[in-house]
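Worksheet: one structure, shown below.
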Amino acid sequence: MRQESLEFLKAIVNAPSPSGYEERAAEVYRSYTRPFAHRVDTDSHGNVAAILNPDAGMKIMLAGHMDEIGFIIHYISDDGLLYFSGIGGHDSVIPVGQRIWIHGKQRVPGIIGRKAVHLLEEDERKKKPELKDLWIDIGANSRAQVEEFIELGDVVTFQYEFEHLMNDRATARGFDNKVGSFIVAEALRLLKEDGGLDAGVGVYAVATVQEEIGLRGARTASFGIDSQTGLAVDVNHAVDYPGVSKTRYGALDLGGGPSVIRGANANPVVFKMIRQAGDEDGIPYQVDVAPGGTGTDGNAMQINRAGMAVGILGVPLRYMHTPCELLSLTDVENCARLMAAYCRRVKPDTDFTPKLG
């Protein structure tokens with residue numbers, strides 16, 4: 001991966017951006033895309049669109065959400081402990097004992113506490129903890145001391161950042177799905193720098209908001225852009241580690257290339273065009289099957305207005321919704337290449353109507 005792209009990836013995954021609080025990641029995205037986009041827009045919901053050929057009649061929407069899971073402070077006790085709710089889906093085992101950042105008037109370090117194992121009753125030891133049984137300790141001894149720096153509604157993230165592992169693999173908090181925002185930006189850069197995009201086709205590379213709490217940003221962005229076709233990109237579950245059944249979930253391997261969804265949430269013409277792009281350009285990919293709607297921005301995009309011809313790409317990911325998500329950087333690069341290759345094959349008169357033959 002070129003150094004400038006790698007620095008952008010690090011910056012956007014490290015930027016704290018729980019759903020509804022995406023401003024820091026949005027600023028990273030805007031700063032990176034401005035030099036090669038014809039226009040960069042931010043709507044009132046917070047979605048950021050970097051655009052090529054904004055006056056073109058045929059529009060392609062590329063969507064990768066920039067929000068991440070996190071926590072939000074909802075109560076501060078008199079003795080200075082903070083109680084919190086989850087933003088997005090959490091495995092309640094993971095927060096116990098973690099170091100966190102509270103993003104208040106300044107960034108404040110803290111830890112997530114629970115009764116020590118020695119003090120748990122026998123039945124408590126057998127149960128999975130719930131978020132309501134946990135609290136945040138910043139070392140304060142009163143509510144007044146906490147409120148010098150922290151307010152109700154401030155958000156919390158784990159103290160984990162991007163780290164390169166062996167081979168082409170990396171780990172970070174928030175790959176889900178700030179890597180998607182990275183991919184749509186990179187696809188736009190490839191189209192601008194390498195060419196091949198029809199002058200009659202406009203591309204809207206959107207870093208969407210609030211996906212983790214209901215695909216909310218993709219709904220409003222899709223309505224506003226009103227594109228004929230679009231590609232959503234998200235992480236999806238790598239099925240190449242112990243205890244996960246390929247006969248139940250299908251095969252999806254880290255390093256095997258980006259995934260391309262086939263099923264009801266994917267327009268069949270778009271699916272064929274993506275496969276053709278991968279085959280002709282020598283870009284590896286894996287077919288992923290989804291029998292119905294998906295939990296991705298592609299679901300909201302497909303049913304926008306009178307319907308959008310949607311394709312869904314994915315990056316295989318291990319340990320989703322943990323602070324140590326793991327992926328292949330080569331898969332990430334190939335996903336951006338595949339997305340750009342699809343855009344080059346769309347023409348002003350492309351017909352996305354499903355039909356036999």
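Residues in the structure tokens are numbered from 1 in each chain, the chains being A, B, ... in the order shown, and ligands are numbered from 1 in the order shown.
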Got a sec to tell me which of stretch 76-297 of chain A DSSP assigns to helix (DSSP H, G or I), as a short mmCIF file (atom, residue, chain, number, x, y, z; two decimals) with C-alpha atoms, in the first residue's frame?
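In the end it all went to part16.cif:
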```
data_model
loop_
_atom_site.label_atom_id
_atom_site.label_comp_id
_atom_site.auth_asym_id
_atom_site.auth_seq_id
_atom_site.Cartn_x
_atom_site.Cartn_y
_atom_site.Cartn_z
CA VAL A 117 -13.77 -12.37 40.61
CA HIS A 118 -13.07 -13.13 44.28
CA LEU A 119 -16.14 -11.12 45.32
CA GLU A 122 -21.27 -18.37 42.71
CA ASP A 123 -24.22 -17.74 40.38
CA GLU A 124 -22.63 -14.47 39.19
CA ARG A 125 -19.47 -16.32 38.12
CA LYS A 126 -21.51 -18.56 35.85
CA LEU A 131 -23.31 -3.62 30.58
CA LYS A 132 -25.55 -2.43 33.42
CA ASP A 133 -23.25 -4.25 35.86
CA ARG A 143 -19.36 14.01 40.68
CA ALA A 144 -18.07 17.60 40.73
CA GLN A 145 -14.56 16.44 39.85
CA VAL A 146 -15.86 14.41 36.91
CA PHE A 175 -12.01 -1.31 10.99
CA ASP A 176 -15.80 -1.89 11.00
CA ASN A 177 -16.29 0.05 8.94
CA LYS A 178 -13.94 2.95 8.60
CA VAL A 179 -12.00 0.71 6.26
CA GLY A 180 -15.10 1.01 4.03
CA SER A 181 -14.77 4.80 4.03
CA PHE A 182 -11.11 4.32 3.14
CA ILE A 183 -12.04 2.03 0.24
CA VAL A 184 -14.58 4.37 -1.36
CA ALA A 185 -12.09 7.25 -1.10
CA GLU A 186 -9.34 5.12 -2.65
CA ALA A 187 -11.64 3.97 -5.46
CA LEU A 188 -12.37 7.61 -6.26
CA ARG A 189 -8.64 8.43 -6.21
CA LEU A 190 -7.90 5.56 -8.61
CA LEU A 191 -10.60 6.78 -11.00
CA LYS A 192 -9.22 10.31 -10.91
CA GLU A 193 -5.53 9.42 -11.20
CA ASP A 194 -5.69 6.38 -13.50
CA GLU A 211 -24.87 2.58 10.12
CA GLU A 212 -24.34 0.71 13.39
CA ILE A 213 -27.66 1.97 14.74
CA ARG A 216 -29.50 5.82 9.02
CA GLY A 217 -26.93 7.80 7.05
CA ALA A 218 -27.21 5.61 3.95
CA ARG A 219 -30.97 6.16 3.91
CA THR A 220 -30.71 9.95 3.78
CA ALA A 221 -27.65 10.05 1.50
CA SER A 222 -29.31 7.70 -1.00
CA PHE A 223 -32.41 9.84 -1.11
CA GLY A 224 -30.41 13.02 -1.64
CA ILE A 225 -28.08 11.69 -4.34
CA LYS A 246 -18.05 -23.31 6.59
CA THR A 247 -20.97 -25.67 5.98
CA ARG A 248 -23.15 -23.23 7.92
CA TYR A 249 -21.71 -19.88 6.83
CA PRO A 268 -27.98 -9.39 -10.79
CA VAL A 269 -26.70 -7.08 -13.54
CA VAL A 270 -24.43 -5.30 -11.08
CA PHE A 271 -23.19 -8.63 -9.71
CA LYS A 272 -22.29 -9.83 -13.22
CA MET A 273 -20.51 -6.55 -13.99
CA ILE A 274 -18.45 -6.76 -10.78
CA ARG A 275 -17.42 -10.35 -11.58
CA GLN A 276 -16.55 -9.36 -15.13
CA ALA A 277 -14.44 -6.48 -13.81
CA GLY A 278 -12.56 -8.76 -11.45
CA ASP A 279 -11.97 -11.46 -14.07
CA GLU A 280 -10.86 -9.06 -16.82
CA ASP A 281 -8.62 -6.94 -14.56
CA ASP A 297 -25.70 0.24 3.83
#
```
Write down as a tab-separated table (two decimals) with N, CA and C atoms, in the first residue's frame the residues of stretch 63-307 of chain A whose backbone DSSP state falls under strand (DSSP E or B).
```
chain	number	residue	atom	x	y	z
A	63	ALA	N	-20.64	3.66	-1.00
A	63	ALA	CA	-20.91	3.93	0.41
A	63	ALA	C	-20.08	3.04	1.32
A	64	GLY	N	-19.39	3.67	2.27
A	64	GLY	CA	-18.71	2.96	3.35
A	64	GLY	C	-18.93	3.74	4.63
A	65	HIS	N	-19.47	3.12	5.65
A	65	HIS	CA	-19.83	3.92	6.83
A	65	HIS	C	-18.61	4.20	7.70
A	68	GLU	N	-18.40	3.86	14.22
A	68	GLU	CA	-17.94	2.65	14.89
A	68	GLU	C	-18.80	2.44	16.14
A	70	GLY	N	-19.31	1.97	20.16
A	70	GLY	CA	-18.69	2.64	21.29
A	70	GLY	C	-19.65	2.65	22.47
A	71	PHE	N	-19.49	3.62	23.34
A	71	PHE	CA	-20.34	3.76	24.51
A	71	PHE	C	-20.68	5.23	24.71
A	72	ILE	N	-21.71	5.49	25.52
A	72	ILE	CA	-22.10	6.86	25.81
A	72	ILE	C	-22.43	6.98	27.31
A	73	ILE	N	-21.96	8.05	27.92
A	73	ILE	CA	-22.16	8.27	29.36
A	73	ILE	C	-23.59	8.72	29.62
A	74	HIS	N	-24.30	7.98	30.50
A	74	HIS	CA	-25.68	8.38	30.81
A	74	HIS	C	-25.91	8.73	32.28
A	75	TYR	N	-24.91	8.47	33.15
A	75	TYR	CA	-25.10	8.82	34.57
A	75	TYR	C	-23.73	8.94	35.24
A	76	ILE	N	-23.63	9.93	36.13
A	76	ILE	CA	-22.43	10.14	36.93
A	76	ILE	C	-22.85	10.08	38.39
A	81	LEU	N	-18.10	7.74	39.86
A	81	LEU	CA	-18.11	6.66	38.88
A	81	LEU	C	-19.08	7.00	37.75
A	82	LEU	N	-18.79	6.52	36.55
A	82	LEU	CA	-19.61	6.85	35.39
A	82	LEU	C	-20.26	5.59	34.85
A	83	TYR	N	-21.54	5.69	34.52
A	83	TYR	CA	-22.31	4.57	33.99
A	83	TYR	C	-22.65	4.87	32.53
A	84	PHE	N	-22.72	3.82	31.72
A	84	PHE	CA	-22.73	4.01	30.28
A	84	PHE	C	-23.67	3.04	29.59
A	85	SER	N	-24.06	3.40	28.37
A	85	SER	CA	-24.85	2.54	27.49
A	85	SER	C	-24.02	2.21	26.26
A	86	GLY	N	-24.36	1.13	25.59
A	86	GLY	CA	-23.66	0.75	24.37
A	86	GLY	C	-24.20	1.49	23.16
A	87	ILE	N	-23.31	1.86	22.26
A	87	ILE	CA	-23.68	2.37	20.93
A	87	ILE	C	-23.34	1.27	19.94
A	99	ARG	N	-9.12	-0.57	29.13
A	99	ARG	CA	-8.82	0.85	29.23
A	99	ARG	C	-9.58	1.59	28.13
A	100	ILE	N	-10.09	2.76	28.46
A	100	ILE	CA	-10.92	3.49	27.51
A	100	ILE	C	-10.52	4.97	27.50
A	101	TRP	N	-11.01	5.66	26.46
A	101	TRP	CA	-10.95	7.11	26.39
A	101	TRP	C	-12.37	7.66	26.46
A	102	ILE	N	-12.57	8.66	27.28
A	102	ILE	CA	-13.83	9.42	27.25
A	102	ILE	C	-13.54	10.71	26.50
A	103	HIS	N	-14.34	10.98	25.47
A	103	HIS	CA	-14.12	12.14	24.61
A	103	HIS	C	-15.03	13.28	25.08
A	107	ARG	N	-9.79	14.78	26.15
A	107	ARG	CA	-9.79	13.32	26.18
A	107	ARG	C	-9.32	12.84	27.55
A	108	VAL	N	-10.16	12.02	28.20
A	108	VAL	CA	-9.90	11.59	29.57
A	108	VAL	C	-9.72	10.07	29.59
A	109	PRO	N	-8.63	9.55	30.15
A	109	PRO	CA	-8.46	8.11	30.25
A	109	PRO	C	-9.25	7.52	31.40
A	110	GLY	N	-9.65	6.27	31.25
A	110	GLY	CA	-10.37	5.58	32.32
A	110	GLY	C	-10.29	4.08	32.12
A	111	ILE	N	-10.91	3.35	33.03
A	111	ILE	CA	-10.99	1.90	32.93
A	111	ILE	C	-12.42	1.46	33.18
A	112	ILE	N	-12.78	0.32	32.61
A	112	ILE	CA	-14.11	-0.25	32.85
A	112	ILE	C	-14.00	-1.26	33.99
A	113	GLY	N	-14.76	-1.02	35.05
A	113	GLY	CA	-14.65	-1.83	36.24
A	113	GLY	C	-15.83	-2.76	36.46
A	135	TRP	N	-19.06	-0.20	35.14
A	135	TRP	CA	-18.94	1.25	35.29
A	135	TRP	C	-17.57	1.68	34.81
A	136	ILE	N	-17.40	2.99	34.66
A	136	ILE	CA	-16.12	3.56	34.27
A	136	ILE	C	-15.54	4.31	35.46
A	137	ASP	N	-14.26	4.06	35.70
A	137	ASP	CA	-13.54	4.70	36.80
A	137	ASP	C	-12.41	5.52	36.20
A	155	VAL	N	-18.99	10.51	24.56
A	155	VAL	CA	-18.82	9.13	24.09
A	155	VAL	C	-17.47	8.55	24.49
A	156	VAL	N	-17.42	7.22	24.39
A	156	VAL	CA	-16.29	6.45	24.90
A	156	VAL	C	-15.83	5.47	23.83
A	157	THR	N	-14.50	5.34	23.68
A	157	THR	CA	-13.92	4.31	22.81
A	157	THR	C	-12.81	3.58	23.57
A	158	PHE	N	-12.52	2.36	23.11
A	158	PHE	CA	-11.41	1.61	23.68
A	158	PHE	C	-10.07	2.27	23.31
A	163	GLU	N	-2.41	-1.17	14.23
A	163	GLU	CA	-1.10	-1.78	14.39
A	163	GLU	C	-0.89	-2.81	13.28
A	164	HIS	N	0.28	-2.72	12.65
A	164	HIS	CA	0.63	-3.66	11.60
A	164	HIS	C	1.11	-4.96	12.24
A	169	ARG	N	-1.09	-8.21	7.31
A	169	ARG	CA	-2.25	-8.12	8.18
A	169	ARG	C	-2.10	-7.00	9.21
A	170	ALA	N	-3.25	-6.46	9.59
A	170	ALA	CA	-3.26	-5.35	10.53
A	170	ALA	C	-4.45	-5.50	11.46
A	171	THR	N	-4.35	-4.85	12.61
A	171	THR	CA	-5.44	-4.86	13.59
A	171	THR	C	-5.74	-3.44	14.02
A	172	ALA	N	-6.98	-3.19	14.38
A	172	ALA	CA	-7.39	-1.86	14.82
A	172	ALA	C	-8.74	-1.94	15.49
A	201	VAL	N	-20.65	9.80	-16.53
A	201	VAL	CA	-20.96	9.07	-15.29
A	201	VAL	C	-20.36	9.82	-14.11
A	202	GLY	N	-21.18	10.09	-13.11
A	202	GLY	CA	-20.70	10.73	-11.89
A	202	GLY	C	-20.55	9.71	-10.78
A	203	VAL	N	-19.51	9.87	-9.97
A	203	VAL	CA	-19.27	8.95	-8.85
A	203	VAL	C	-19.31	9.75	-7.55
A	204	TYR	N	-20.12	9.27	-6.62
A	204	TYR	CA	-20.30	9.89	-5.31
A	204	TYR	C	-19.77	8.93	-4.25
A	205	ALA	N	-18.57	9.20	-3.76
A	205	ALA	CA	-17.94	8.34	-2.76
A	205	ALA	C	-18.33	8.87	-1.38
A	206	VAL	N	-19.26	8.16	-0.72
A	206	VAL	CA	-19.88	8.68	0.50
A	206	VAL	C	-19.39	7.93	1.72
A	207	ALA	N	-18.86	8.69	2.68
A	207	ALA	CA	-18.60	8.17	4.02
A	207	ALA	C	-19.87	8.41	4.82
A	208	THR	N	-20.61	7.35	5.07
A	208	THR	CA	-21.93	7.49	5.68
A	208	THR	C	-21.86	7.42	7.21
A	229	THR	N	-27.35	3.53	-9.64
A	229	THR	CA	-26.65	2.34	-9.17
A	229	THR	C	-25.72	2.72	-8.03
A	230	GLY	N	-25.30	1.72	-7.28
A	230	GLY	CA	-24.41	2.00	-6.16
A	230	GLY	C	-23.74	0.74	-5.66
A	231	LEU	N	-22.61	0.92	-5.01
A	231	LEU	CA	-21.91	-0.17	-4.34
A	231	LEU	C	-21.73	0.21	-2.88
A	232	ALA	N	-22.14	-0.67	-2.00
A	232	ALA	CA	-21.83	-0.53	-0.58
A	232	ALA	C	-20.66	-1.44	-0.27
A	233	VAL	N	-19.82	-1.02	0.66
A	233	VAL	CA	-18.72	-1.87	1.10
A	233	VAL	C	-18.71	-1.88	2.62
A	234	ASP	N	-18.53	-3.08	3.17
A	234	ASP	CA	-18.48	-3.25	4.62
A	234	ASP	C	-17.53	-4.41	4.90
A	235	VAL	N	-17.20	-4.59	6.15
A	235	VAL	CA	-16.48	-5.80	6.53
A	235	VAL	C	-17.49	-6.94	6.65
A	236	ASN	N	-17.01	-8.15	6.44
A	236	ASN	CA	-17.86	-9.30	6.72
A	236	ASN	C	-17.02	-10.40	7.35
A	237	HIS	N	-17.67	-11.44	7.83
A	237	HIS	CA	-17.00	-12.41	8.70
A	237	HIS	C	-16.10	-13.35	7.93
A	259	SER	N	-14.99	-9.79	-0.95
A	259	SER	CA	-16.17	-10.59	-1.26
A	259	SER	C	-17.14	-9.80	-2.12
A	260	VAL	N	-17.92	-10.52	-2.89
A	260	VAL	CA	-18.98	-9.94	-3.72
A	260	VAL	C	-20.26	-10.69	-3.37
A	261	ILE	N	-21.24	-9.97	-2.87
A	261	ILE	CA	-22.48	-10.62	-2.44
A	261	ILE	C	-23.36	-10.97	-3.63
A	262	ARG	N	-23.88	-12.21	-3.58
A	262	ARG	CA	-24.89	-12.66	-4.53
A	262	ARG	C	-26.13	-13.05	-3.75
A	263	GLY	N	-27.28	-12.54	-4.17
A	263	GLY	CA	-28.52	-12.81	-3.47
A	263	GLY	C	-29.48	-11.65	-3.65
A	286	GLN	N	-14.06	-13.20	-3.83
A	286	GLN	CA	-14.76	-14.37	-3.32
A	286	GLN	C	-16.26	-14.08	-3.36
A	287	VAL	N	-17.05	-15.06	-3.75
A	287	VAL	CA	-18.51	-14.88	-3.78
A	287	VAL	C	-19.07	-15.19	-2.39
A	288	ASP	N	-19.86	-14.27	-1.88
A	288	ASP	CA	-20.52	-14.41	-0.59
A	288	ASP	C	-22.02	-14.43	-0.84
A	289	VAL	N	-22.73	-15.33	-0.19
A	289	VAL	CA	-24.16	-15.52	-0.47
A	289	VAL	C	-25.00	-14.92	0.66
A	290	ALA	N	-26.00	-14.13	0.27
A	290	ALA	CA	-26.93	-13.53	1.24
A	290	ALA	C	-28.34	-13.76	0.73
```
(request) Might you pull out every residue within 10 Å of A:Lys128, with only C-alpha atoms counted and same-chain residues fewer than 4 positions away left off, and present them as a ChimeraX atom specification? (result) /A:91-93,124
Please save N, CA, C and O atoms of the selected residues as a CSV table (one decimal), in the first residue's frame.
```csv
chain,number,residue,atom,x,y,z
A,91,ASP,N,-20.5,-7.4,22.6
A,91,ASP,CA,-20.4,-8.6,23.4
A,91,ASP,C,-20.0,-8.1,24.8
A,91,ASP,O,-18.9,-7.6,24.9
A,92,SER,N,-20.9,-8.3,25.7
A,92,SER,CA,-20.7,-7.6,27.0
A,92,SER,C,-19.5,-8.2,27.8
A,92,SER,O,-19.1,-7.7,28.9
A,93,VAL,N,-18.9,-9.4,27.4
A,93,VAL,CA,-17.7,-9.9,28.0
A,93,VAL,C,-16.5,-9.0,27.7
A,93,VAL,O,-15.6,-8.9,28.6
A,124,GLU,N,-23.1,-15.6,40.0
A,124,GLU,CA,-22.6,-14.5,39.2
A,124,GLU,C,-21.5,-14.9,38.3
A,124,GLU,O,-21.3,-14.5,37.2
```
(request) Measure the distance from atom CA of A:Glu4 to atom CA of A:Val315 in Å and round it to one decimal. (result) 20.6 Å
(message) Which residue is closest to A:Val209? Choose from A:Asn265, A:Ser44, A:Ser245, A:Gln3 and count only C-alpha atoms.
(response) A:Ser44
(message) Quick one: residues within 9 Å of A:Phe8, only C-alpha atoms, excluding same-chain residues fewer than 2 positions away - as a list of chain:residue names?
(response)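 Residues near the query, excluding close chain neighbours: A:Gln3, A:Glu4, A:Ser5, A:Leu6, A:Lys10, A:Ala11, A:Ile12, A:Val13, A:Val28, A:Tyr29, A:Tyr32, A:Phe182.
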(request) Find the distance between atom CA of A:Met61 and atom CA of A:Tyr21 and write it in Å to one decimal. (result) 22.8 Å
